[in-house]
Amino acid sequence: MSSNGRIPKELLKVFRQAKSFGVVGHVKPDADTLGSSVAISGLLKRFDPKRKVVLANASPIPHQMRFLPRWEAVIAPAGRGDMQGLDCAIYLECSNPERAGSIALPEDFRVTVNIDHHKTGKGFAHINWISPKASSNSEQVYLLYEAFGFKPNKIEAAWLYAGMVSDTGRFQYSMTSPLTHRIAADLLKIGIPHTRIAERLFTIKSVEHLRLLGRALESLKFFCGGKLAMLRLTAKDFAEIEFHATQTEDIVNYGLAPEQAELSFFLKEEPFRGDGVISVSLRSRGLVDVSAIAESFGGGGHRNAAGFEISGHSSEAVERLLVERAEKLLAV
């Protein structure tokens, strides 16, 4: 297992020698998961264009990412049957196989590969490349291209850039490094439409997104002397406003807009997760490691950005639990 950023030699060997691959990312895919999937498929095909590579996700492809070419190459939503008969499974940004929606179970494959950049990543596969200092999975995949002496084409580069710019919050999050900027520069040299990518990911929003944002901002409350911001979207909010899974992704960041805010917690009763399931997004300016909070509830992430799901509790009860946790951490 590699958790120091170095690419395991066994991973390089499998990429060269395995006969067929299934590439899966986490449910409710973001630009980094999808970008890594499409780009890694192109890399695997460099060795043999006739190789079978199946890209799959348990959730539909978000509408905001359908402007990028080849998104149709991902089977989504996929089931376990779509991944049968393949030699190797590659998991992207999955703390465990279930994070991929259980569409690719380890026992179905001769060899499994886990590529992750979260500090809470677990070594559940035969070969694990967990690089907590990487800004994104897309950054890791670009390093794989370099390790094999290849360069991504324009389509692959566009997806990698979308993944990197998304997971770094336009290069402003703490995991952004000189290497991140070097790779971004390399991708720009390939000739990607970087302004269009940024516009589609960050600027253009649907009317439904704006209405959900309004509901969330109306719910905004502060605790711990203003250091903790809490936002919420209820099942009723989603019932009254047409729902798309990706339309709430960035709302948690609004909680950190006030200068005094150190933490922002966002509770969502999203319909697609099932009755009684609450999704919680956590953000920090850096004083508190929110990945530790998320991990204690069965989730994970980074120091400044993490999340988890919880069931069997009301939103009010989850809010109380989080406020109590924040009070202890902010008092240190």
# chains A, B, ... in the order shown; residues from 1 in each chain; ligands from 1
call {"tool": "select_by_dssp", "arguments": {"residues": "range 103-174 of chain A", "states": "helix (DSSP H, G or I)", "output": "ChimeraX atom specification"}}
result
/A:106-108,137-148,154-167
call {"tool": "write_last_selection", "arguments": {"atoms": "N, CA and C atoms", "output": "CSV table (one decimal), in the first residue's frame"}}
result
chain,number,residue,atom,x,y,z
A,106,PRO,N,-15.3,-6.5,-4.8
A,106,PRO,CA,-14.0,-7.0,-5.0
A,106,PRO,C,-13.9,-8.5,-5.4
A,107,GLU,N,-14.8,-9.3,-4.9
A,107,GLU,CA,-14.8,-10.7,-5.2
A,107,GLU,C,-15.1,-11.0,-6.7
A,108,ASP,N,-15.6,-10.0,-7.4
A,108,ASP,CA,-15.9,-10.2,-8.9
A,108,ASP,C,-14.7,-10.1,-9.8
A,137,ASN,N,-8.0,13.4,-7.6
A,137,ASN,CA,-7.7,12.2,-8.3
A,137,ASN,C,-7.2,12.5,-9.7
A,138,SER,N,-7.7,13.6,-10.3
A,138,SER,CA,-7.2,14.0,-11.6
A,138,SER,C,-5.7,14.3,-11.6
A,139,GLU,N,-5.2,14.9,-10.5
A,139,GLU,CA,-3.8,15.2,-10.4
A,139,GLU,C,-3.0,13.8,-10.4
A,140,GLN,N,-3.5,12.9,-9.7
A,140,GLN,CA,-2.9,11.6,-9.6
A,140,GLN,C,-2.9,10.9,-11.0
A,141,VAL,N,-4.0,11.0,-11.7
A,141,VAL,CA,-4.1,10.3,-13.0
A,141,VAL,C,-3.1,11.0,-14.0
A,142,TYR,N,-3.0,12.3,-13.9
A,142,TYR,CA,-2.0,13.0,-14.8
A,142,TYR,C,-0.6,12.4,-14.5
A,143,LEU,N,-0.3,12.2,-13.2
A,143,LEU,CA,1.0,11.7,-12.9
A,143,LEU,C,1.2,10.2,-13.4
A,144,LEU,N,0.1,9.5,-13.5
A,144,LEU,CA,0.2,8.2,-14.2
A,144,LEU,C,0.6,8.3,-15.6
A,145,TYR,N,-0.1,9.3,-16.3
A,145,TYR,CA,0.3,9.5,-17.7
A,145,TYR,C,1.8,9.8,-17.8
A,146,GLU,N,2.3,10.6,-16.9
A,146,GLU,CA,3.8,10.9,-17.0
A,146,GLU,C,4.6,9.7,-16.7
A,147,ALA,N,4.2,8.9,-15.7
A,147,ALA,CA,4.9,7.7,-15.3
A,147,ALA,C,5.1,6.8,-16.5
A,148,PHE,N,4.1,6.7,-17.4
A,148,PHE,CA,4.2,5.8,-18.5
A,148,PHE,C,4.8,6.5,-19.8
A,154,LYS,N,-6.6,16.2,-26.1
A,154,LYS,CA,-7.4,17.4,-25.7
A,154,LYS,C,-8.6,17.0,-24.9
A,155,ILE,N,-9.3,15.9,-25.2
A,155,ILE,CA,-10.4,15.5,-24.5
A,155,ILE,C,-10.1,15.0,-23.1
A,156,GLU,N,-9.0,14.2,-23.0
A,156,GLU,CA,-8.6,13.7,-21.7
A,156,GLU,C,-8.1,14.9,-20.8
A,157,ALA,N,-7.4,15.8,-21.4
A,157,ALA,CA,-6.8,17.0,-20.7
A,157,ALA,C,-8.0,17.9,-20.2
A,158,ALA,N,-9.0,18.0,-21.0
A,158,ALA,CA,-10.2,18.8,-20.6
A,158,ALA,C,-10.8,18.2,-19.3
A,159,TRP,N,-11.0,16.9,-19.3
A,159,TRP,CA,-11.6,16.2,-18.2
A,159,TRP,C,-10.7,16.4,-16.9
A,160,LEU,N,-9.4,16.2,-17.1
A,160,LEU,CA,-8.5,16.3,-16.0
A,160,LEU,C,-8.5,17.7,-15.4
A,161,TYR,N,-8.5,18.7,-16.3
A,161,TYR,CA,-8.6,20.1,-15.8
A,161,TYR,C,-9.9,20.4,-15.1
A,162,ALA,N,-11.0,19.8,-15.6
A,162,ALA,CA,-12.3,20.0,-14.9
A,162,ALA,C,-12.2,19.4,-13.5
A,163,GLY,N,-11.6,18.2,-13.4
A,163,GLY,CA,-11.5,17.6,-12.1
A,163,GLY,C,-10.7,18.4,-11.1
A,164,MET,N,-9.5,18.9,-11.6
A,164,MET,CA,-8.6,19.6,-10.8
A,164,MET,C,-9.2,21.0,-10.4
A,165,VAL,N,-9.8,21.7,-11.3
A,165,VAL,CA,-10.3,23.1,-11.0
A,165,VAL,C,-11.5,22.9,-10.1
A,166,SER,N,-12.2,21.9,-10.2
A,166,SER,CA,-13.4,21.6,-9.3
A,166,SER,C,-13.0,21.3,-7.9
A,167,ASP,N,-12.1,20.3,-7.8
A,167,ASP,CA,-11.7,19.8,-6.5
A,167,ASP,C,-10.8,20.8,-5.7
call {"tool": "residues_around", "arguments": {"residues": "Val280 in chain A", "least_positions_apart": "3", "cutoff": "7 Å", "atoms": "only C-alpha atoms", "output": "ChimeraX atom specification"}}
result
/A:265-268,307-309
call {"tool": "write_last_selection", "arguments": {"atoms": "N, CA, C and O atoms", "output": "compact mmCIF listing (two decimals), in the first residue's frame"}}
result
# COMPACT_ATOMS: atom_id res chain seq x y z
N PHE A 265 -21.51 23.93 8.24
CA PHE A 265 -22.12 22.61 8.16
C PHE A 265 -23.44 22.74 7.39
O PHE A 265 -24.23 23.65 7.66
N PHE A 266 -23.68 21.83 6.47
CA PHE A 266 -24.85 21.90 5.59
C PHE A 266 -25.57 20.56 5.62
O PHE A 266 -25.02 19.54 5.21
N LEU A 267 -26.81 20.54 6.13
CA LEU A 267 -27.62 19.34 6.24
C LEU A 267 -28.63 19.29 5.10
O LEU A 267 -29.36 20.28 4.87
N LYS A 268 -28.69 18.16 4.39
CA LYS A 268 -29.59 18.03 3.24
C LYS A 268 -30.40 16.74 3.33
O LYS A 268 -29.83 15.66 3.49
N GLY A 307 -17.47 15.07 4.45
CA GLY A 307 -18.91 14.83 4.49
C GLY A 307 -19.24 13.44 4.97
O GLY A 307 -18.38 12.56 5.07
N PHE A 308 -20.52 13.24 5.27
CA PHE A 308 -21.00 11.93 5.69
C PHE A 308 -22.51 11.87 5.53
O PHE A 308 -23.17 12.89 5.28
N GLU A 309 -23.05 10.65 5.65
CA GLU A 309 -24.49 10.45 5.67
C GLU A 309 -24.88 9.83 6.99
O GLU A 309 -24.11 9.07 7.59
call {"tool": "closest_residue", "arguments": {"among": "A:Ser281, A:Ile197, A:Ser219, A:Ser136", "to": "Pro69 in chain A", "atoms": "only C-alpha atoms"}}
result
A:Ile197
call {"tool": "residues_around", "arguments": {"residues": "Ala18 in chain A", "least_positions_apart": "5", "cutoff": "9 Å", "atoms": "only C-alpha atoms", "output": "list in words"}}
result
Lys13, Asp87, Cys88 and Val111 of chain A
call {"tool": "write_last_selection", "arguments": {"atoms": "N, CA and C atoms", "output": "PDB file, in the first residue's frame"}}
result
ATOM      1  N   LYS A  13       2.367  -2.196 -13.124  1.00  0.00           N
ATOM      2  CA  LYS A  13       2.400  -3.513 -13.757  1.00  0.00           C
ATOM      3  C   LYS A  13       0.998  -3.941 -14.185  1.00  0.00           C
ATOM      4  N   ASP A  87     -11.361  -8.277 -15.690  1.00  0.00           N
ATOM      5  CA  ASP A  87     -10.160  -8.743 -15.004  1.00  0.00           C
ATOM      6  C   ASP A  87      -9.818  -7.892 -13.777  1.00  0.00           C
ATOM      7  N   CYS A  88      -9.885  -6.572 -13.937  1.00  0.00           N
ATOM      8  CA  CYS A  88      -9.414  -5.643 -12.900  1.00  0.00           C
ATOM      9  C   CYS A  88     -10.439  -4.550 -12.646  1.00  0.00           C
ATOM     10  N   VAL A 111      -8.098  -8.804  -9.693  1.00  0.00           N
ATOM     11  CA  VAL A 111      -7.275  -7.824  -8.979  1.00  0.00           C
ATOM     12  C   VAL A 111      -8.048  -6.512  -8.856  1.00  0.00           C
TER      13      VAL A 111
END
call {"tool": "select_by_dssp", "arguments": {"residues": "range 124-278 of chain A", "states": "strand (DSSP E)", "output": "number ranges by chain"}}
result
A: 127-130, 221-223, 228-233, 263-268, 277-278
call {"tool": "residues_around", "arguments": {"residues": "Lys122 in chain A", "least_positions_apart": "6", "cutoff": "8 Å", "atoms": "only C-alpha atoms", "output": "list in words"}}
result
Ser95, Asn96 and Ile130 of chain A
call {"tool": "residues_around", "arguments": {"residues": "Arg66 in chain A", "least_positions_apart": "5", "cutoff": "12 Å", "atoms": "only C-alpha atoms", "output": "PyMOL selection string"}}
result
chain A and resi 30-31+34-35+60-61+71-74+159+162+197+200-201
call {"tool": "write_last_selection", "arguments": {"atoms": "C-alpha atoms", "output": "PDB file, in the first residue's frame"}}
result
ATOM      1  CA  ASP A  30     -18.339  15.139  -9.247  1.00  0.00           C
ATOM      2  CA  ALA A  31     -16.039  16.502 -11.943  1.00  0.00           C
ATOM      3  CA  LEU A  34     -15.732  11.637 -13.817  1.00  0.00           C
ATOM      4  CA  GLY A  35     -12.638  13.393 -15.126  1.00  0.00           C
ATOM      5  CA  PRO A  60     -26.669   9.514 -13.301  1.00  0.00           C
ATOM      6  CA  ILE A  61     -24.142  11.877 -14.878  1.00  0.00           C
ATOM      7  CA  TRP A  71     -19.486  11.735 -20.949  1.00  0.00           C
ATOM      8  CA  GLU A  72     -21.761   9.183 -22.669  1.00  0.00           C
ATOM      9  CA  ALA A  73     -18.919   6.661 -22.373  1.00  0.00           C
ATOM     10  CA  VAL A  74     -19.802   6.236 -18.687  1.00  0.00           C
ATOM     11  CA  TRP A 159     -11.590  16.244 -18.180  1.00  0.00           C
ATOM     12  CA  ALA A 162     -12.283  20.010 -14.928  1.00  0.00           C
ATOM     13  CA  ILE A 197     -14.882  24.685 -18.350  1.00  0.00           C
ATOM     14  CA  ARG A 200     -19.910  25.744 -16.929  1.00  0.00           C
ATOM     15  CA  LEU A 201     -18.751  24.399 -13.563  1.00  0.00           C
TER      16      LEU A 201
END
call {"tool": "closest_residue", "arguments": {"among": "A:Arg51, A:Lys45, A:His63, A:Arg80", "to": "Lys28 in chain A", "atoms": "only C-alpha atoms"}}
result
A:His63
call {"tool": "residues_around", "arguments": {"residues": "Lys328 in chain A", "least_positions_apart": "3", "cutoff": "12 Å", "atoms": "only C-alpha atoms", "output": "PDB file with all heavy atoms, in the first residue's frame"}}
result
ATOM      1  N   CYS A 224     -21.663  29.048  18.413  1.00  0.00           N
ATOM      2  CA  CYS A 224     -20.282  29.199  18.892  1.00  0.00           C
ATOM      3  C   CYS A 224     -19.751  30.612  18.659  1.00  0.00           C
ATOM      4  O   CYS A 224     -18.636  30.815  18.155  1.00  0.00           O
ATOM      5  CB  CYS A 224     -19.365  28.184  18.205  1.00  0.00           C
ATOM      6  SG  CYS A 224     -19.893  26.460  18.336  1.00  0.00           S
ATOM      7  N   LEU A 228     -19.465  29.027  13.912  1.00  0.00           N
ATOM      8  CA  LEU A 228     -20.082  27.917  13.200  1.00  0.00           C
ATOM      9  C   LEU A 228     -21.333  28.395  12.480  1.00  0.00           C
ATOM     10  O   LEU A 228     -22.237  28.950  13.102  1.00  0.00           O
ATOM     11  CB  LEU A 228     -20.451  26.782  14.162  1.00  0.00           C
ATOM     12  CG  LEU A 228     -21.360  25.671  13.595  1.00  0.00           C
ATOM     13  CD1 LEU A 228     -20.690  24.950  12.447  1.00  0.00           C
ATOM     14  CD2 LEU A 228     -21.768  24.695  14.704  1.00  0.00           C
ATOM     15  N   VAL A 288     -10.099  23.741  12.324  1.00  0.00           N
ATOM     16  CA  VAL A 288     -10.641  22.439  12.728  1.00  0.00           C
ATOM     17  C   VAL A 288     -10.538  21.460  11.561  1.00  0.00           C
ATOM     18  O   VAL A 288     -10.817  21.822  10.418  1.00  0.00           O
ATOM     19  CB  VAL A 288     -12.113  22.576  13.169  1.00  0.00           C
ATOM     20  CG1 VAL A 288     -12.735  21.203  13.415  1.00  0.00           C
ATOM     21  CG2 VAL A 288     -12.223  23.438  14.417  1.00  0.00           C
ATOM     22  N   ILE A 293     -14.267  14.773  12.018  1.00  0.00           N
ATOM     23  CA  ILE A 293     -15.698  14.763  12.362  1.00  0.00           C
ATOM     24  C   ILE A 293     -16.440  13.813  11.438  1.00  0.00           C
ATOM     25  O   ILE A 293     -17.227  12.967  11.881  1.00  0.00           O
ATOM     26  CB  ILE A 293     -16.292  16.185  12.260  1.00  0.00           C
ATOM     27  CG1 ILE A 293     -15.593  17.144  13.221  1.00  0.00           C
ATOM     28  CG2 ILE A 293     -17.802  16.140  12.527  1.00  0.00           C
ATOM     29  CD1 ILE A 293     -16.058  18.593  13.090  1.00  0.00           C
ATOM     30  N   LEU A 321     -25.953  17.378  17.596  1.00  0.00           N
ATOM     31  CA  LEU A 321     -24.713  16.600  17.680  1.00  0.00           C
ATOM     32  C   LEU A 321     -23.537  17.377  17.101  1.00  0.00           C
ATOM     33  O   LEU A 321     -22.437  17.407  17.669  1.00  0.00           O
ATOM     34  CB  LEU A 321     -24.867  15.276  16.922  1.00  0.00           C
ATOM     35  CG  LEU A 321     -25.752  14.204  17.559  1.00  0.00           C
ATOM     36  CD1 LEU A 321     -25.972  13.049  16.585  1.00  0.00           C
ATOM     37  CD2 LEU A 321     -25.125  13.687  18.845  1.00  0.00           C
ATOM     38  N   LEU A 322     -23.774  18.026  15.978  1.00  0.00           N
ATOM     39  CA  LEU A 322     -22.698  18.760  15.314  1.00  0.00           C
ATOM     40  C   LEU A 322     -22.311  20.017  16.084  1.00  0.00           C
ATOM     41  O   LEU A 322     -21.125  20.369  16.163  1.00  0.00           O
ATOM     42  CB  LEU A 322     -23.122  19.121  13.891  1.00  0.00           C
ATOM     43  CG  LEU A 322     -23.219  17.940  12.917  1.00  0.00           C
ATOM     44  CD1 LEU A 322     -23.840  18.383  11.610  1.00  0.00           C
ATOM     45  CD2 LEU A 322     -21.843  17.326  12.683  1.00  0.00           C
ATOM     46  N   VAL A 323     -23.291  20.681  16.666  1.00  0.00           N
ATOM     47  CA  VAL A 323     -22.986  21.876  17.461  1.00  0.00           C
ATOM     48  C   VAL A 323     -22.151  21.484  18.684  1.00  0.00           C
ATOM     49  O   VAL A 323     -21.182  22.146  19.024  1.00  0.00           O
ATOM     50  CB  VAL A 323     -24.283  22.598  17.871  1.00  0.00           C
ATOM     51  CG1 VAL A 323     -23.973  23.712  18.896  1.00  0.00           C
ATOM     52  CG2 VAL A 323     -24.964  23.201  16.659  1.00  0.00           C
ATOM     53  N   GLU A 324     -22.543  20.393  19.331  1.00  0.00           N
ATOM     54  CA  GLU A 324     -21.773  19.924  20.498  1.00  0.00           C
ATOM     55  C   GLU A 324     -20.337  19.589  20.118  1.00  0.00           C
ATOM     56  O   GLU A 324     -19.387  19.934  20.841  1.00  0.00           O
ATOM     57  CB  GLU A 324     -22.461  18.687  21.096  1.00  0.00           C
ATOM     58  CG  GLU A 324     -23.791  18.986  21.786  1.00  0.00           C
ATOM     59  CD  GLU A 324     -24.504  17.708  22.202  1.00  0.00           C
ATOM     60  OE1 GLU A 324     -23.920  16.609  22.025  1.00  0.00           O
ATOM     61  OE2 GLU A 324     -25.637  17.803  22.699  1.00  0.00           O
ATOM     62  N   ARG A 325     -20.160  18.937  18.978  1.00  0.00           N
ATOM     63  CA  ARG A 325     -18.815  18.586  18.517  1.00  0.00           C
ATOM     64  C   ARG A 325     -17.998  19.852  18.199  1.00  0.00           C
ATOM     65  O   ARG A 325     -16.833  19.952  18.549  1.00  0.00           O
ATOM     66  CB  ARG A 325     -18.922  17.699  17.278  1.00  0.00           C
ATOM     67  CG  ARG A 325     -17.611  17.074  16.820  1.00  0.00           C
ATOM     68  CD  ARG A 325     -17.144  16.016  17.791  1.00  0.00           C
ATOM     69  NE  ARG A 325     -18.141  14.969  17.968  1.00  0.00           N
ATOM     70  CZ  ARG A 325     -18.252  13.895  17.169  1.00  0.00           C
ATOM     71  NH1 ARG A 325     -17.429  13.746  16.158  1.00  0.00           N
ATOM     72  NH2 ARG A 325     -19.168  12.991  17.417  1.00  0.00           N
ATOM     73  N   ALA A 331     -13.216  25.226  21.157  1.00  0.00           N
ATOM     74  CA  ALA A 331     -12.776  25.698  22.467  1.00  0.00           C
ATOM     75  C   ALA A 331     -11.308  25.398  22.713  1.00  0.00           C
ATOM     76  O   ALA A 331     -10.700  25.921  23.648  1.00  0.00           O
ATOM     77  CB  ALA A 331     -13.624  25.051  23.564  1.00  0.00           C
ATOM     78  N   VAL A 332     -10.729  24.508  21.868  1.00  0.00           N
ATOM     79  CA  VAL A 332      -9.317  24.133  22.061  1.00  0.00           C
ATOM     80  C   VAL A 332      -8.392  25.293  21.720  1.00  0.00           C
ATOM     81  O   VAL A 332      -8.583  25.983  20.721  1.00  0.00           O
ATOM     82  CB  VAL A 332      -8.976  22.908  21.175  1.00  0.00           C
ATOM     83  CG1 VAL A 332      -7.496  22.582  21.278  1.00  0.00           C
ATOM     84  CG2 VAL A 332      -9.810  21.724  21.599  1.00  0.00           C
TER      85      VAL A 332
END
call {"tool": "residues_around", "arguments": {"residues": "Ala100 in chain A", "least_positions_apart": "6", "cutoff": "6 Å", "atoms": "only C-alpha atoms", "output": "PDB file with N, CA, C and O atoms, in the first residue's frame"}}
result
ATOM      1  N   GLY A  25     -16.298   5.192  -9.864  1.00  0.00           N
ATOM      2  CA  GLY A  25     -16.089   6.258  -8.890  1.00  0.00           C
ATOM      3  C   GLY A  25     -17.220   6.264  -7.887  1.00  0.00           C
ATOM      4  O   GLY A  25     -18.147   5.440  -7.950  1.00  0.00           O
ATOM      5  N   HIS A  26     -17.156   7.214  -6.968  1.00  0.00           N
ATOM      6  CA  HIS A  26     -18.169   7.273  -5.915  1.00  0.00           C
ATOM      7  C   HIS A  26     -19.521   7.703  -6.465  1.00  0.00           C
ATOM      8  O   HIS A  26     -19.616   8.346  -7.511  1.00  0.00           O
ATOM      9  N   VAL A  27     -20.577   7.333  -5.744  1.00  0.00           N
ATOM     10  CA  VAL A  27     -21.930   7.746  -6.116  1.00  0.00           C
ATOM     11  C   VAL A  27     -22.028   9.267  -6.087  1.00  0.00           C
ATOM     12  O   VAL A  27     -21.213   9.939  -5.469  1.00  0.00           O
TER      13      VAL A  27
END
call {"tool": "closest_residue", "arguments": {"among": "A:Pro271, A:Pro97, A:Gly169, A:Gly149", "to": "Ala125 in chain A", "atoms": "only C-alpha atoms"}}
result
A:Pro97
call {"tool": "atom_distance", "arguments": {"atom1": "CA of Arg232 in chain A", "atom2": "CA of Ala76 in chain A"}}
result
28.3 Å
call {"tool": "atom_distance", "arguments": {"atom1": "CA of Ala216 in chain A", "atom2": "CA of Arg99 in chain A"}}
result
26.4 Å
